[in-house]
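Novice: What follows is work.cif; its format and atoms are mmCIF, C-alpha atoms.
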```cif
data_target
#
loop_
_atom_site.group_PDB
_atom_site.id
_atom_site.type_symbol
_atom_site.label_atom_id
_atom_site.label_comp_id
_atom_site.auth_asym_id
_atom_site.auth_seq_id
_atom_site.Cartn_x
_atom_site.Cartn_y
_atom_site.Cartn_z
ATOM 1 C CA ALA J 481 96.599 124.517 195.047
ATOM 2 C CA ASP J 482 95.548 127.253 192.622
ATOM 3 C CA ARG J 483 96.109 124.937 189.676
ATOM 4 C CA PHE J 484 93.216 122.742 190.911
ATOM 5 C CA VAL J 485 90.705 125.600 191.374
ATOM 6 C CA TRP J 486 89.073 124.809 188.021
ATOM 7 C CA LEU J 487 87.933 121.426 189.401
ATOM 8 C CA LEU J 488 85.531 122.951 191.931
ATOM 9 C CA ASN J 489 85.087 126.586 190.867
ATOM 10 C CA PRO J 490 81.600 126.975 189.302
ATOM 11 C CA SER J 491 81.156 129.486 186.491
ATOM 12 C CA PHE J 492 77.334 129.574 186.640
ATOM 13 C CA SER J 493 74.533 128.621 189.033
ATOM 14 C CA THR J 494 74.642 125.064 190.374
ATOM 15 C CA VAL J 495 70.816 125.100 190.424
ATOM 16 C CA TRP J 496 70.987 123.870 186.819
ATOM 17 C CA PHE J 497 72.211 120.524 188.201
ATOM 18 C CA LEU J 498 68.934 120.015 190.096
ATOM 19 C CA THR J 499 67.332 119.554 186.674
ATOM 20 C CA PRO J 500 68.293 117.390 183.673
ATOM 21 C CA LEU J 501 69.264 120.593 181.848
ATOM 22 C CA GLN J 502 72.854 121.315 182.869
ATOM 23 C CA ASN J 503 73.965 120.967 179.253
ATOM 24 C CA VAL J 504 71.668 123.894 178.408
ATOM 25 C CA GLY J 505 73.248 125.941 181.212
ATOM 26 C CA MET J 506 76.706 125.110 179.891
ATOM 27 C CA ALA J 507 75.755 126.150 176.353
ATOM 28 C CA ILE J 508 74.190 129.430 177.530
ATOM 29 C CA ASP J 509 77.153 130.307 179.772
ATOM 30 C CA ASN J 510 79.673 129.041 177.215
ATOM 31 C CA SER J 511 81.495 127.115 179.964
ATOM 32 C CA TYR J 512 81.505 123.689 181.628
ATOM 33 C CA HIS J 513 80.623 125.074 185.116
ATOM 34 C CA SER J 514 83.507 123.288 186.873
ATOM 35 C CA GLY J 515 86.024 120.664 185.878
ATOM 36 C CA MET J 516 84.643 117.981 188.161
ATOM 37 C CA LEU J 517 81.077 118.326 186.875
ATOM 38 C CA SER J 518 81.837 119.115 183.246
ATOM 39 C CA ILE J 519 81.376 115.502 182.163
ATOM 40 C CA THR J 520 77.738 115.493 183.296
ATOM 41 C CA TRP J 521 76.611 117.315 180.156
ATOM 42 C CA SER J 522 76.243 113.914 178.503
ATOM 43 C CA LEU J 523 74.173 112.591 181.428
ATOM 44 C CA SER J 524 71.686 115.410 180.902
ATOM 45 C CA VAL J 525 71.325 114.349 177.261
ATOM 46 C CA GLU J 526 70.462 110.835 178.447
ATOM 47 C CA GLU J 527 68.075 112.105 181.136
ATOM 48 C CA GLN J 528 66.184 114.240 178.640
ATOM 49 C CA PHE J 529 65.879 111.198 176.404
ATOM 50 C CA TYR J 530 64.457 109.062 179.248
ATOM 51 C CA VAL J 531 61.881 111.762 180.016
ATOM 52 C CA ILE J 532 60.704 112.339 176.427
ATOM 53 C CA ALA J 533 61.277 109.134 174.425
ATOM 54 C CA PRO J 534 58.738 106.849 176.183
ATOM 55 C CA PHE J 535 55.922 109.228 175.255
ATOM 56 C CA VAL J 536 57.131 109.551 171.651
ATOM 57 C CA PHE J 537 57.595 105.838 170.962
ATOM 58 C CA ARG J 538 54.560 104.719 172.946
ATOM 59 C CA PHE J 539 52.235 106.285 170.384
ATOM 60 C CA CYS J 540 54.124 105.755 167.117
ATOM 61 C CA ARG J 541 53.705 102.787 164.792
ATOM 62 C CA ARG J 542 56.404 100.126 165.094
ATOM 63 C CA GLY J 543 57.161 100.369 161.381
ATOM 64 C CA ALA J 544 57.879 104.101 161.742
ATOM 65 C CA ILE J 545 60.646 103.638 164.342
ATOM 66 C CA PRO J 546 63.530 103.075 161.861
ATOM 67 C CA LEU J 547 62.468 106.140 159.858
ATOM 68 C CA ILE J 548 62.287 108.281 163.020
ATOM 69 C CA CYS J 549 65.739 107.075 164.121
ATOM 70 C CA ILE J 550 67.316 107.860 160.747
ATOM 71 C CA MET J 551 65.616 111.259 160.737
ATOM 72 C CA LEU J 552 66.952 112.103 164.232
ATOM 73 C CA THR J 553 70.466 111.055 163.226
ATOM 74 C CA THR J 554 70.271 113.264 160.136
ATOM 75 C CA ILE J 555 68.992 116.207 162.203
ATOM 76 C CA SER J 556 71.950 115.906 164.588
ATOM 77 C CA LEU J 557 74.520 115.830 161.817
ATOM 78 C CA ALA J 558 72.857 118.736 160.000
ATOM 79 C CA ALA J 559 72.672 120.768 163.225
ATOM 80 C CA ARG J 560 76.398 120.344 163.858
ATOM 81 C CA ILE J 561 77.147 121.495 160.305
ATOM 82 C CA TRP J 562 74.842 124.492 160.744
ATOM 83 C CA LEU J 563 76.324 125.491 164.132
ATOM 84 C CA PHE J 564 79.898 124.516 163.301
ATOM 85 C CA ASP J 565 81.275 127.849 164.591
ATOM 86 C CA VAL J 566 79.467 127.616 167.960
ATOM 87 C CA PRO J 567 81.537 125.027 169.914
ATOM 88 C CA MET J 568 79.438 124.821 173.099
ATOM 89 C CA ALA J 569 76.274 124.253 171.074
ATOM 90 C CA GLY J 570 77.605 120.729 170.603
ATOM 91 C CA LEU J 571 76.499 119.951 174.167
ATOM 92 C CA LEU J 572 72.813 120.399 173.359
ATOM 93 C CA THR J 573 70.674 117.296 172.989
ATOM 94 C CA PHE J 574 69.540 117.905 169.403
ATOM 95 C CA MET J 575 73.238 117.917 168.441
ATOM 96 C CA ARG J 576 73.846 114.525 170.074
ATOM 97 C CA LEU J 577 70.961 112.336 168.967
ATOM 98 C CA GLU J 578 72.934 109.681 167.075
ATOM 99 C CA GLY J 579 73.819 107.454 170.013
ATOM 100 C CA ILE J 580 70.237 107.513 171.254
ATOM 101 C CA SER J 581 68.457 107.106 167.914
ATOM 102 C CA LEU J 582 70.789 104.419 166.579
ATOM 103 C CA GLY J 583 70.510 102.558 169.884
ATOM 104 C CA ILE J 584 66.734 102.506 169.474
ATOM 105 C CA LEU J 585 67.180 101.346 165.884
ATOM 106 C CA CYS J 586 69.373 98.466 167.124
ATOM 107 C CA ALA J 587 66.690 97.411 169.591
ATOM 108 C CA ALA J 588 64.049 97.471 166.845
ATOM 109 C CA LEU J 589 66.225 95.394 164.478
ATOM 110 C CA ILE J 590 67.123 92.812 167.109
ATOM 111 C CA GLN J 591 63.467 92.298 168.042
ATOM 112 C CA ASP J 592 62.514 91.627 164.414
ATOM 113 C CA GLU J 593 62.976 87.859 163.926
ATOM 114 C CA SER J 594 63.363 88.079 160.134
ATOM 115 C CA VAL J 595 66.072 90.754 160.419
ATOM 116 C CA LEU J 596 67.847 88.881 163.208
ATOM 117 C CA SER J 597 67.842 85.659 161.160
ATOM 118 C CA PHE J 598 69.348 87.524 158.207
ATOM 119 C CA LEU J 599 72.069 89.031 160.410
ATOM 120 C CA LYS J 600 72.913 85.614 161.827
ATOM 121 C CA ARG J 601 73.335 84.251 158.312
ATOM 122 C CA GLU J 602 75.488 87.211 157.247
ATOM 123 C CA LEU J 603 77.654 87.440 160.353
ATOM 124 C CA ARG J 604 80.924 87.542 158.419
ATOM 125 C CA LEU J 605 79.602 90.376 156.267
ATOM 126 C CA LEU J 606 78.674 92.247 159.430
ATOM 127 C CA SER J 607 82.208 91.725 160.755
ATOM 128 C CA LEU J 608 83.593 93.302 157.553
ATOM 129 C CA VAL J 609 81.291 96.288 158.102
ATOM 130 C CA LEU J 610 82.772 96.704 161.599
ATOM 131 C CA ILE J 611 86.327 96.559 160.247
ATOM 132 C CA ALA J 612 85.477 99.215 157.643
ATOM 133 C CA TRP J 613 83.902 101.370 160.360
ATOM 134 C CA ALA J 614 87.016 101.067 162.566
ATOM 135 C CA PHE J 615 89.169 102.216 159.641
ATOM 136 C CA VAL J 616 86.980 105.267 158.956
ATOM 137 C CA PHE J 617 86.875 106.199 162.651
ATOM 138 C CA PHE J 618 90.675 105.845 162.879
ATOM 139 C CA LEU J 619 91.071 108.263 159.955
ATOM 140 C CA LEU J 620 88.762 110.782 161.655
ATOM 141 C CA VAL J 621 90.737 110.578 164.894
ATOM 142 C CA LEU J 622 94.003 111.111 162.997
ATOM 143 C CA ARG J 623 92.623 114.248 161.358
ATOM 144 C CA GLY J 624 91.932 115.816 164.744
ATOM 145 C CA PRO J 625 89.441 118.691 165.206
ATOM 146 C CA GLY J 626 88.132 120.320 162.082
ATOM 147 C CA PHE J 627 85.140 120.474 159.799
ATOM 148 C CA LEU J 628 85.151 116.703 159.235
ATOM 149 C CA GLY J 629 85.122 116.271 163.020
ATOM 150 C CA ILE J 630 81.394 116.996 162.993
ATOM 151 C CA SER J 631 80.844 113.502 161.597
ATOM 152 C CA GLU J 632 82.799 111.797 164.391
ATOM 153 C CA PRO J 633 79.793 111.334 166.758
ATOM 154 C CA THR J 634 77.788 109.861 163.869
ATOM 155 C CA VAL J 635 80.561 107.452 162.901
ATOM 156 C CA LEU J 636 81.185 106.461 166.532
ATOM 157 C CA ALA J 637 77.487 105.853 167.249
ATOM 158 C CA SER J 638 76.973 103.826 164.075
ATOM 159 C CA GLY J 639 80.009 101.671 164.849
ATOM 160 C CA CYS J 640 79.009 101.010 168.450
ATOM 161 C CA SER J 641 75.467 100.207 167.340
ATOM 162 C CA SER J 642 76.784 97.772 164.743
ATOM 163 C CA LEU J 643 78.924 96.131 167.413
ATOM 164 C CA VAL J 644 75.868 95.646 169.648
ATOM 165 C CA VAL J 645 73.924 94.060 166.787
ATOM 166 C CA PHE J 646 76.946 91.912 165.939
ATOM 167 C CA ALA J 647 77.214 90.713 169.552
ATOM 168 C CA VAL J 648 73.536 89.733 169.675
ATOM 169 C CA ALA J 649 73.400 88.128 166.225
ATOM 170 C CA GLY J 650 76.685 86.294 166.761
ATOM 171 C CA SER J 651 75.996 85.002 170.246
ATOM 172 C CA GLY J 652 78.007 81.789 170.625
ATOM 173 C CA SER J 653 80.108 82.447 167.522
ATOM 174 C CA SER J 654 83.897 82.079 167.636
ATOM 175 C CA LEU J 655 84.085 85.538 166.043
ATOM 176 C CA LEU J 656 82.984 86.954 169.395
ATOM 177 C CA ALA J 657 85.558 85.089 171.473
ATOM 178 C CA PRO J 658 87.535 88.280 172.304
ATOM 179 C CA LEU J 659 84.426 89.803 173.919
ATOM 180 C CA ARG J 660 84.350 86.916 176.388
ATOM 181 C CA PHE J 661 87.751 87.708 177.926
ATOM 182 C CA SER J 662 87.314 88.106 181.683
ATOM 183 C CA TRP J 663 89.393 91.303 181.835
ATOM 184 C CA LEU J 664 87.282 92.866 179.081
ATOM 185 C CA ARG J 665 84.054 91.969 180.896
ATOM 186 C CA TYR J 666 85.511 93.537 184.042
ATOM 187 C CA LEU J 667 86.237 96.755 182.133
ATOM 188 C CA ALA J 668 82.644 96.743 180.874
ATOM 189 C CA ARG J 669 81.329 96.547 184.458
ATOM 190 C CA ILE J 670 83.372 99.525 185.679
ATOM 191 C CA SER J 671 83.310 101.609 182.493
ATOM 192 C CA PHE J 672 80.403 103.871 183.456
ATOM 193 C CA GLY J 673 81.903 104.694 186.846
ATOM 194 C CA VAL J 674 85.278 105.373 185.227
ATOM 195 C CA TYR J 675 83.562 107.675 182.756
ATOM 196 C CA LEU J 676 81.898 109.695 185.523
ATOM 197 C CA PHE J 677 85.128 110.261 187.444
ATOM 198 C CA HIS J 678 87.817 110.266 184.744
ATOM 199 C CA GLN J 679 87.652 114.060 184.351
ATOM 200 C CA LEU J 680 88.391 114.544 188.060
ATOM 201 C CA PHE J 681 91.357 112.184 188.122
ATOM 202 C CA SER J 682 92.827 113.285 184.796
ATOM 203 C CA GLY J 683 92.598 116.868 186.042
ATOM 204 C CA LEU J 684 94.386 116.064 189.292
ATOM 205 C CA VAL J 685 97.089 114.130 187.455
#
```
I need this file expressed as C-alpha cells, please.
Specialist:
Amino acid sequence: ADRFVWLLNPSFSTVWFLTPLQNVGMAIDNSYHSGMLSITWSLSVEEQFYVIAPFVFRFCRRGAIPLICIMLTTISLAARIWLFDVPMAGLLTFMRLEGISLGILCAALIQDESVLSFLKRELRLLSLVLIAWAFVFFLLVLRGPGFLGISEPTVLASGCSSLVVFAVAGSGSSLLAPLRFSWLRYLARISFGVYLFHQLFSGLV
C-alpha cells in the first residue's frame, strides 16, 4: 500500500485548489501536491485564462488580436528559455500561453471570410504544413528532455492550431476523411475525461 501513498499524500495546503491558482502553489512548493491532483495544474492555466481573457479582448481592436497572440506566444517561449533551470516554473501560466493564444488566433482567422476563402483554396498547401509540423514534433520527441525541449509546447500548440484551421477550412473534403472515423470521434468525446484521470490510473498500474 505504501507504494500508492504518493497518489493521495498532499505536500502543501489543499486550500490552493479552492482557487484557480494551484499551479502557483505547485511552483512555490516545488511539488505537484499529490499524484492524483498533479494533472490539474493545466486546468488552473485554463481557468486563469477564462477569468482574464474576456476583459482583455473585449476592449482591444479586432485587428490587434493576431499581434497580441503572436506576442503572447513569444513571451512564453522566451520565459521558458530564461527560466530553463527552474523546472517547476514551467507550470506557471505565462510559461504556457501558446495553446491559449494560438487558439484565439485560430478563431480570429476562421471568422475572417477573406482568410477562410484563401485557406479553402490552399487546402493542399495547408496539409503539407501539417506534415512538416508532424515531422518537426517527432524529432523533438525523439530528442527527449533538453534545451530544445523548451520549444515543444510551441510546436505542439502551433500544430494543433493548424489542424483545427485545416478541419474548418476543409470541411467536406476527402482529405479530412480520417477525422470522420466513428472510433476517432468517440475518442474525441472521452479525451478530456481520460486526461483528467489518466494520472491516477497510470499511477495505480
Novice: Give the answer as one residue: which of J:Ile555, J:Leu523, J:Ala507, J:Ala668 has the shortest atom-to-atom distance to Leu571 of chain J, using all atoms listed in the file?
Specialist: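 Nearest candidate to Leu571 of chain J out of J:Ile555, J:Leu523, J:Ala507, J:Ala668: J:Ala507.
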Novice: With the file shown as input, list the residues that the PyMOL selection byres ((chain J and resi 491-498) around 8) selects, as a ChimeraX atom specification.
Specialist: /J:489-490,499-502,505,509,511-514
Novice: Residues picked by the PyMOL selection byres ((chain J and resi 672-679) around 8) here, as a VMD selection string?
Specialist: chain J and resid 515 to 516 518 to 520 668 to 671 680 to 683
Novice: Mind giving me the straight-line distance from atom CA of Ile590 of chain J to atom CA of Phe529 of chain J in Å, one decimal?
Specialist: 20.6 Å
Novice: At what distance in Å, to one decimal, does atom CA of Pro534 of chain J lie from atom CA of Ala649 of chain J?
Specialist: 25.8 Å
Novice: Segment 572-626 of chain J near segment 535-545 of chain J within 10 Å: what's each residue's closest atom pair and its distance in Å to one decimal, counting all atoms listed in the file, ordered by chain then ascending residue number, as JSON lines?
Specialist:
```
{"residue": "J:Ser581", "atom": "CA", "partner": "J:Ile545", "partner_atom": "CA", "distance": 9.3}
{"residue": "J:Ile584", "atom": "CA", "partner": "J:Ile545", "partner_atom": "CA", "distance": 8.0}
{"residue": "J:Leu585", "atom": "CA", "partner": "J:Ile545", "partner_atom": "CA", "distance": 7.1}
{"residue": "J:Ala588", "atom": "CA", "partner": "J:Ile545", "partner_atom": "CA", "distance": 7.5}
{"residue": "J:Leu589", "atom": "CA", "partner": "J:Ile545", "partner_atom": "CA", "distance": 10.0}
```
Novice: For Trp613 of chain J, which residue among J:Leu684, J:Leu487, J:Leu636, J:Leu659 is the nearest when counting all atoms listed in the file?
Specialist: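 Closest to Trp613 of chain J, using all atoms listed in the file: J:Leu636.
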Novice: J:Ile611, J:Leu596, J:Leu667, J:Ile630: which is nearest Ala559 of chain J, counting all atoms listed in the file?
Specialist: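 With all atoms listed in the file as the atom set, the closest residue is J:Ile630.
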Novice: Could you check the closest approach to Gln591 of chain J for each of J:Val648, J:Cys549, J:Ala637, J:Leu608 and tell me which residue wins, using only C-alpha atoms?
Specialist: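 Residue with the minimum atom-to-atom distance to Gln591 of chain J: J:Val648.
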Novice: Just give me the gap between atom CA of Ser607 of chain J and atom CA of Cys586 of chain J in Å, one decimal is fine.
Specialist: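 Separation of atom CA of Ser607 of chain J and atom CA of Cys586 of chain J: 15.8 Å.
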